[in-house]
Structures are given as C-alpha cells and as structure tokens.
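Chemist: Sharing run_33.cif below, mmCIF, N, CA and C atoms:
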data_data
#
loop_
_atom_site.group_PDB
_atom_site.id
_atom_site.type_symbol
_atom_site.label_atom_id
_atom_site.label_comp_id
_atom_site.auth_asym_id
_atom_site.auth_seq_id
_atom_site.Cartn_x
_atom_site.Cartn_y
_atom_site.Cartn_z
ATOM 1 N N MET A 67 93.595 60.435 -80.340
ATOM 2 C CA MET A 67 94.454 60.394 -81.489
ATOM 3 C C MET A 67 95.483 59.302 -81.274
ATOM 4 N N LYS A 68 95.663 58.465 -82.269
ATOM 5 C CA LYS A 68 96.605 57.360 -82.169
ATOM 6 C C LYS A 68 97.963 57.723 -82.762
ATOM 7 N N LYS A 69 97.984 58.404 -83.901
ATOM 8 C CA LYS A 69 99.227 58.731 -84.587
ATOM 9 C C LYS A 69 99.179 60.158 -85.128
ATOM 10 N N ILE A 70 100.361 60.734 -85.273
ATOM 11 C CA ILE A 70 100.446 62.018 -85.968
ATOM 12 C C ILE A 70 101.207 61.858 -87.282
ATOM 13 N N ILE A 71 101.485 60.615 -87.658
ATOM 14 C CA ILE A 71 102.188 60.308 -88.896
ATOM 15 C C ILE A 71 101.178 59.718 -89.876
ATOM 16 N N ASN A 72 101.132 60.272 -91.087
ATOM 17 C CA ASN A 72 100.216 59.756 -92.100
ATOM 18 C C ASN A 72 100.689 58.395 -92.601
ATOM 19 N N ARG A 73 101.899 58.350 -93.156
ATOM 20 C CA ARG A 73 102.526 57.101 -93.608
ATOM 21 C C ARG A 73 103.992 57.166 -93.241
ATOM 22 N N THR A 74 104.523 56.100 -92.696
ATOM 23 C CA THR A 74 105.922 56.110 -92.251
ATOM 24 C C THR A 74 106.895 56.361 -93.404
ATOM 25 N N SER A 75 106.544 55.946 -94.590
ATOM 26 C CA SER A 75 107.435 56.158 -95.733
ATOM 27 C C SER A 75 107.508 57.620 -96.158
ATOM 28 N N ASP A 76 106.538 58.432 -95.726
ATOM 29 C CA ASP A 76 106.487 59.847 -96.119
ATOM 30 C C ASP A 76 106.848 60.806 -95.000
ATOM 31 N N VAL A 77 107.216 60.307 -93.819
ATOM 32 C CA VAL A 77 107.368 61.178 -92.655
ATOM 33 C C VAL A 77 108.459 62.231 -92.840
ATOM 34 N N VAL A 78 109.606 61.863 -93.370
ATOM 35 C CA VAL A 78 110.694 62.838 -93.540
ATOM 36 C C VAL A 78 110.304 63.881 -94.586
ATOM 37 N N THR A 79 109.769 63.443 -95.698
ATOM 38 C CA THR A 79 109.352 64.360 -96.759
ATOM 39 C C THR A 79 108.303 65.346 -96.261
ATOM 40 N N GLU A 80 107.322 64.863 -95.521
ATOM 41 C CA GLU A 80 106.262 65.739 -95.022
ATOM 42 C C GLU A 80 106.777 66.732 -93.978
ATOM 43 N N MET A 81 107.695 66.296 -93.117
ATOM 44 C CA MET A 81 108.252 67.219 -92.122
ATOM 45 C C MET A 81 109.073 68.313 -92.787
ATOM 46 N N LEU A 82 109.868 67.949 -93.774
ATOM 47 C CA LEU A 82 110.678 68.950 -94.466
ATOM 48 C C LEU A 82 109.817 69.905 -95.280
ATOM 49 N N ASP A 83 108.771 69.381 -95.907
ATOM 50 C CA ASP A 83 107.831 70.250 -96.631
ATOM 51 C C ASP A 83 107.182 71.247 -95.677
ATOM 52 N N GLY A 84 106.773 70.775 -94.512
ATOM 53 C CA GLY A 84 106.154 71.644 -93.519
ATOM 54 C C GLY A 84 107.100 72.704 -93.007
ATOM 55 N N LEU A 85 108.345 72.323 -92.725
ATOM 56 C CA LEU A 85 109.343 73.277 -92.249
ATOM 57 C C LEU A 85 109.603 74.350 -93.302
ATOM 58 N N ALA A 86 109.773 73.930 -94.548
ATOM 59 C CA ALA A 86 110.020 74.882 -95.628
ATOM 60 C C ALA A 86 108.814 75.790 -95.863
ATOM 61 N N TYR A 87 107.624 75.279 -95.677
ATOM 62 C CA TYR A 87 106.416 76.081 -95.864
ATOM 63 C C TYR A 87 106.262 77.132 -94.762
ATOM 64 N N VAL A 88 106.432 76.704 -93.525
ATOM 65 C CA VAL A 88 106.237 77.604 -92.385
ATOM 66 C C VAL A 88 107.321 78.684 -92.328
ATOM 67 N N HIS A 89 108.546 78.311 -92.674
ATOM 68 C CA HIS A 89 109.668 79.253 -92.586
ATOM 69 C C HIS A 89 110.217 79.594 -93.968
ATOM 70 N N SER A 90 109.320 79.810 -94.923
ATOM 71 C CA SER A 90 109.734 80.079 -96.302
ATOM 72 C C SER A 90 110.542 81.369 -96.437
ATOM 73 N N ASP A 91 110.471 82.236 -95.457
ATOM 74 C CA ASP A 91 111.280 83.461 -95.485
ATOM 75 C C ASP A 91 112.738 83.178 -95.140
ATOM 76 N N LEU A 92 113.029 82.047 -94.496
ATOM 77 C CA LEU A 92 114.388 81.719 -94.052
ATOM 78 C C LEU A 92 115.030 80.567 -94.814
ATOM 79 N N VAL A 93 114.246 79.539 -95.139
ATOM 80 C CA VAL A 93 114.799 78.325 -95.747
ATOM 81 C C VAL A 93 113.947 77.870 -96.930
ATOM 82 N N HIS A 94 114.544 76.987 -97.725
ATOM 83 C CA HIS A 94 113.810 76.365 -98.825
ATOM 84 C C HIS A 94 114.233 74.910 -98.948
ATOM 85 N N ARG A 95 113.421 74.158 -99.604
ATOM 86 C CA ARG A 95 113.676 72.734 -99.827
ATOM 87 C C ARG A 95 114.375 72.579 -101.163
ATOM 88 N N VAL A 96 115.439 71.782 -101.213
ATOM 89 C CA VAL A 96 116.133 71.500 -102.471
ATOM 90 C C VAL A 96 115.320 70.455 -103.223
ATOM 91 N N GLU A 97 114.901 70.819 -104.410
ATOM 92 C CA GLU A 97 114.017 69.980 -105.217
ATOM 93 C C GLU A 97 114.599 68.588 -105.466
ATOM 94 N N GLY A 98 113.829 67.553 -105.139
ATOM 95 C CA GLY A 98 114.211 66.182 -105.407
ATOM 96 C C GLY A 98 115.074 65.516 -104.348
ATOM 97 N N PHE A 99 115.427 66.256 -103.279
ATOM 98 C CA PHE A 99 116.286 65.712 -102.236
ATOM 99 C C PHE A 99 115.717 66.064 -100.864
ATOM 100 N N ASP A 100 116.137 65.340 -99.855
ATOM 101 C CA ASP A 100 115.736 65.645 -98.474
ATOM 102 C C ASP A 100 116.747 66.621 -97.875
ATOM 103 N N ILE A 101 116.776 67.817 -98.448
ATOM 104 C CA ILE A 101 117.729 68.854 -98.045
ATOM 105 C C ILE A 101 116.984 70.157 -97.799
ATOM 106 N N ILE A 102 117.322 70.795 -96.679
ATOM 107 C CA ILE A 102 116.825 72.133 -96.367
ATOM 108 C C ILE A 102 118.027 73.077 -96.463
ATOM 109 N N ALA A 103 117.886 74.188 -97.171
ATOM 110 C CA ALA A 103 118.976 75.153 -97.327
ATOM 111 C C ALA A 103 118.462 76.552 -96.984
ATOM 112 N N ARG A 104 119.368 77.388 -96.507
ATOM 113 C CA ARG A 104 118.955 78.751 -96.152
ATOM 114 C C ARG A 104 118.798 79.588 -97.415
ATOM 115 N N ASN A 105 117.941 80.585 -97.332
ATOM 116 C CA ASN A 105 117.692 81.469 -98.466
ATOM 117 C C ASN A 105 118.779 82.523 -98.620
ATOM 118 N N ALA A 106 119.285 83.050 -97.520
ATOM 119 C CA ALA A 106 120.269 84.128 -97.556
ATOM 120 C C ALA A 106 121.601 83.612 -98.064
ATOM 121 N N GLU A 107 122.107 84.258 -99.109
ATOM 122 C CA GLU A 107 123.408 83.882 -99.637
ATOM 123 C C GLU A 107 124.491 84.664 -98.914
ATOM 124 N N LYS A 108 125.559 83.982 -98.560
ATOM 125 C CA LYS A 108 126.704 84.615 -97.912
ATOM 126 C C LYS A 108 127.893 84.511 -98.853
ATOM 127 N N THR A 109 128.574 85.609 -99.063
ATOM 128 C CA THR A 109 129.796 85.576 -99.856
ATOM 129 C C THR A 109 130.980 85.779 -98.919
ATOM 130 N N GLY A 110 132.077 85.148 -99.263
ATOM 131 C CA GLY A 110 133.273 85.276 -98.453
ATOM 132 C C GLY A 110 133.256 84.439 -97.194
ATOM 133 N N LYS A 111 132.322 83.542 -97.074
ATOM 134 C CA LYS A 111 132.224 82.664 -95.908
ATOM 135 C C LYS A 111 132.188 81.215 -96.377
ATOM 136 N N VAL A 112 132.621 80.324 -95.513
ATOM 137 C CA VAL A 112 132.559 78.898 -95.805
ATOM 138 C C VAL A 112 131.171 78.386 -95.449
ATOM 139 N N GLY A 113 130.581 77.605 -96.336
ATOM 140 C CA GLY A 113 129.286 77.006 -96.049
ATOM 141 C C GLY A 113 129.436 75.833 -95.089
ATOM 142 N N LEU A 114 128.488 75.673 -94.203
ATOM 143 C CA LEU A 114 128.512 74.581 -93.236
ATOM 144 C C LEU A 114 127.255 73.740 -93.425
ATOM 145 N N ILE A 115 127.461 72.468 -93.747
ATOM 146 C CA ILE A 115 126.354 71.548 -94.001
ATOM 147 C C ILE A 115 126.433 70.397 -93.017
ATOM 148 N N SER A 116 125.300 70.047 -92.434
ATOM 149 C CA SER A 116 125.230 68.936 -91.498
ATOM 150 C C SER A 116 124.315 67.866 -92.073
ATOM 151 N N GLY A 117 124.604 66.648 -91.748
ATOM 152 C CA GLY A 117 123.765 65.557 -92.216
ATOM 153 C C GLY A 117 123.566 64.529 -91.129
ATOM 154 N N GLY A 118 122.551 63.757 -91.276
ATOM 155 C CA GLY A 118 122.282 62.714 -90.299
ATOM 156 C C GLY A 118 120.950 62.053 -90.580
ATOM 157 N N GLY A 119 120.666 61.063 -89.784
ATOM 158 C CA GLY A 119 119.395 60.371 -89.912
ATOM 159 C C GLY A 119 118.254 61.199 -89.347
ATOM 160 N N SER A 120 117.081 60.735 -89.538
ATOM 161 C CA SER A 120 115.887 61.417 -89.048
ATOM 162 C C SER A 120 115.208 60.518 -88.026
ATOM 163 N N GLY A 121 115.756 60.481 -86.824
ATOM 164 C CA GLY A 121 115.233 59.601 -85.784
ATOM 165 C C GLY A 121 113.850 59.978 -85.351
ATOM 166 N N HIS A 122 113.722 61.029 -84.604
ATOM 167 C CA HIS A 122 112.410 61.470 -84.143
ATOM 168 C C HIS A 122 111.881 62.589 -85.015
ATOM 169 N N GLU A 123 112.751 63.296 -85.639
ATOM 170 C CA GLU A 123 112.408 64.347 -86.598
ATOM 171 C C GLU A 123 113.701 64.700 -87.313
ATOM 172 N N PRO A 124 113.632 65.349 -88.453
ATOM 173 C CA PRO A 124 114.870 65.813 -89.100
ATOM 174 C C PRO A 124 115.460 66.977 -88.302
ATOM 175 N N SER A 125 116.166 66.681 -87.226
ATOM 176 C CA SER A 125 116.583 67.713 -86.269
ATOM 177 C C SER A 125 117.566 68.716 -86.832
ATOM 178 N N HIS A 126 118.470 68.300 -87.683
ATOM 179 C CA HIS A 126 119.462 69.234 -88.204
ATOM 180 C C HIS A 126 118.817 70.340 -89.033
ATOM 181 N N ALA A 127 117.705 70.065 -89.642
ATOM 182 C CA ALA A 127 117.019 71.060 -90.468
ATOM 183 C C ALA A 127 116.572 72.259 -89.641
ATOM 184 N N GLY A 128 116.356 72.080 -88.366
ATOM 185 C CA GLY A 128 115.955 73.185 -87.502
ATOM 186 C C GLY A 128 117.070 74.159 -87.185
ATOM 187 N N PHE A 129 118.300 73.814 -87.547
ATOM 188 C CA PHE A 129 119.442 74.680 -87.279
ATOM 189 C C PHE A 129 119.946 75.387 -88.530
ATOM 190 N N VAL A 130 119.160 75.403 -89.590
ATOM 191 C CA VAL A 130 119.530 76.076 -90.830
ATOM 192 C C VAL A 130 119.020 77.508 -90.783
ATOM 193 N N GLY A 131 119.882 78.452 -91.094
ATOM 194 C CA GLY A 131 119.473 79.859 -91.121
ATOM 195 C C GLY A 131 120.676 80.769 -91.029
ATOM 196 N N GLN A 132 120.414 82.052 -91.029
ATOM 197 C CA GLN A 132 121.483 83.033 -90.974
ATOM 198 C C GLN A 132 122.275 82.893 -89.669
ATOM 199 N N GLY A 133 123.603 82.804 -89.782
ATOM 200 C CA GLY A 133 124.455 82.638 -88.626
ATOM 201 C C GLY A 133 124.521 81.207 -88.119
ATOM 202 N N MET A 134 123.865 80.305 -88.826
ATOM 203 C CA MET A 134 123.864 78.894 -88.412
ATOM 204 C C MET A 134 124.257 78.036 -89.613
ATOM 205 N N LEU A 135 123.663 76.868 -89.772
ATOM 206 C CA LEU A 135 123.995 75.986 -90.883
ATOM 207 C C LEU A 135 123.568 76.580 -92.221
ATOM 208 N N SER A 136 124.323 76.264 -93.251
ATOM 209 C CA SER A 136 123.940 76.658 -94.616
ATOM 210 C C SER A 136 122.887 75.711 -95.167
ATOM 211 N N ALA A 137 122.995 74.444 -94.790
ATOM 212 C CA ALA A 137 122.040 73.434 -95.259
ATOM 213 C C ALA A 137 122.102 72.216 -94.337
ATOM 214 N N ALA A 138 121.069 71.406 -94.423
ATOM 215 C CA ALA A 138 121.007 70.147 -93.682
ATOM 216 C C ALA A 138 120.516 69.056 -94.622
ATOM 217 N N VAL A 139 121.251 67.949 -94.652
ATOM 218 C CA VAL A 139 120.872 66.791 -95.438
ATOM 219 C C VAL A 139 120.260 65.788 -94.470
ATOM 220 N N CYS A 140 119.013 65.442 -94.696
ATOM 221 C CA CYS A 140 118.280 64.575 -93.774
ATOM 222 C C CYS A 140 118.154 63.181 -94.349
ATOM 223 N N GLY A 141 118.728 62.211 -93.643
ATOM 224 C CA GLY A 141 118.667 60.824 -94.094
ATOM 225 C C GLY A 141 117.342 60.183 -93.715
ATOM 226 N N ALA A 142 117.239 58.919 -94.033
ATOM 227 C CA ALA A 142 116.039 58.165 -93.692
ATOM 228 C C ALA A 142 115.932 58.012 -92.170
ATOM 229 N N VAL A 143 114.800 57.574 -91.712
ATOM 230 C CA VAL A 143 114.565 57.417 -90.273
ATOM 231 C C VAL A 143 115.568 56.420 -89.689
ATOM 232 N N PHE A 144 116.231 56.837 -88.606
ATOM 233 C CA PHE A 144 117.190 56.034 -87.845
ATOM 234 C C PHE A 144 118.381 55.539 -88.657
ATOM 235 N N THR A 145 118.904 56.395 -89.552
ATOM 236 C CA THR A 145 120.146 56.033 -90.258
ATOM 237 C C THR A 145 121.288 56.837 -89.717
#
I need this file expressed as structure tokens, please.
Modeler:
Amino acid sequence: MKKIINRTSDVVTEMLDGLAYVHSDLVHRVEGFDIIARNAEKTGKVGLISGGGSGHEPSHAGFVGQGMLSAAVCGAVFT
C-alpha cells in the first residue's frame, strides 16, 4: 500500500465524516463546515471550542464529548 489518502483535497472532510459516522452516538458533523460537535447538550455550563489546523489528522476533533470539548473547528492541513 502506498497511500491511505484518497485525495489530499478531501482528507479533512473524509476524516471528519468517518469520525462522525463511527461515533455517531457521541458527536455529529456540523453541516457545511469542518466542525465536530458533541451530541449531549449541557445547560448551565460554558461551551469550550478548540480550533486548529489538521496536520496529521484533525486531532482536536478526538477530544469532543461529554466532559471534554463542546466542539472542534478543524482548519485546512498545516494551518
């Protein structure tokens, strides 16, 4: 195997789609954006959102969930 990336222009979108699909009980993808958000709504708490580039993978998206980030905004590769 030479690559695990189909097209470099689609790598962030495909990783976020996969994360949202596999963990659909915990997170969802915000339509039209490279954002992963948790499903559980919290009232009376401050939301915490992290953002950053997607160097090797959209790493911040892996920290979204109950007791962790409310959402992660994933930028383009190496931004």
Chemist: May I ask for the distance between atom CA of Gly110 of chain A and atom C of Ala127 of chain A, given in Å to one decimal place?
Modeler: 22.9 Å
Chemist: Mind telling me what the PyMOL selection byres (((chain A and resi 92-97 and name CA) around 12) and name CA) catches here, as a PyMOL selection string?
Modeler: chain A and resi 79-91+98-107+127-140
Chemist: Just to confirm, what's the straight-line distance from atom C of Leu114 of chain A to atom N of Val78 of chain A in Å (one decimal)?
Modeler: 21.3 Å
Chemist: Could you tell me how far atom N of Ile115 of chain A sits from atom N of Asp76 of chain A, in Å to one decimal place?
Modeler: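 Spanning atom N of Asp76 of chain A to atom N of Ile115 of chain A is a straight-line distance of 25.3 Å.
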Chemist: Quick one: pick out all strand (DSSP E) residues within chain A from a backbone DSSP run and write them as a list in words.
Modeler: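 Written out, the strand (DSSP E) residues of chain A are Val93, His94, Arg95, Ile101, Ile102, Ala103, Arg104, Ile115, Ser116, Gly117, Gly118, Ala137, Ala138, Val139 and Cys140 of chain A.
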Chemist: Is it possible to get the residues within 6 Å of (113.6, 58.2, -91.9) (coordinates as in the file, counting only C-alpha atoms) written as an mmCIF file with N, CA and C atoms, keeping the file's coordinate frame?
Modeler:
data_model
loop_
_atom_site.group_PDB
_atom_site.id
_atom_site.type_symbol
_atom_site.label_atom_id
_atom_site.label_comp_id
_atom_site.auth_asym_id
_atom_site.auth_seq_id
_atom_site.Cartn_x
_atom_site.Cartn_y
_atom_site.Cartn_z
ATOM 1 N N VAL A 78 109.606 61.863 -93.370
ATOM 2 C CA VAL A 78 110.694 62.838 -93.540
ATOM 3 C C VAL A 78 110.304 63.881 -94.586
ATOM 4 N N SER A 120 117.081 60.735 -89.538
ATOM 5 C CA SER A 120 115.887 61.417 -89.048
ATOM 6 C C SER A 120 115.208 60.518 -88.026
ATOM 7 N N ALA A 142 117.239 58.919 -94.033
ATOM 8 C CA ALA A 142 116.039 58.165 -93.692
ATOM 9 C C ALA A 142 115.932 58.012 -92.170
ATOM 10 N N VAL A 143 114.800 57.574 -91.712
ATOM 11 C CA VAL A 143 114.565 57.417 -90.273
ATOM 12 C C VAL A 143 115.568 56.420 -89.689
ATOM 13 N N PHE A 144 116.231 56.837 -88.606
ATOM 14 C CA PHE A 144 117.190 56.034 -87.845
ATOM 15 C C PHE A 144 118.381 55.539 -88.657
#
Chemist: Determine the axis-aligned bounding box of all atoms of segment 84-95 of chain A present in the file, pad each side by 6 Å, and express its centre and edge lengths in Å to one decimal place as lines of an AutoDock Vina configuration file.
Modeler:
center_x = 110.6
center_y = 77.1
center_z = -96.7
size_x = 20.9
size_y = 24.7
size_z = 20.9
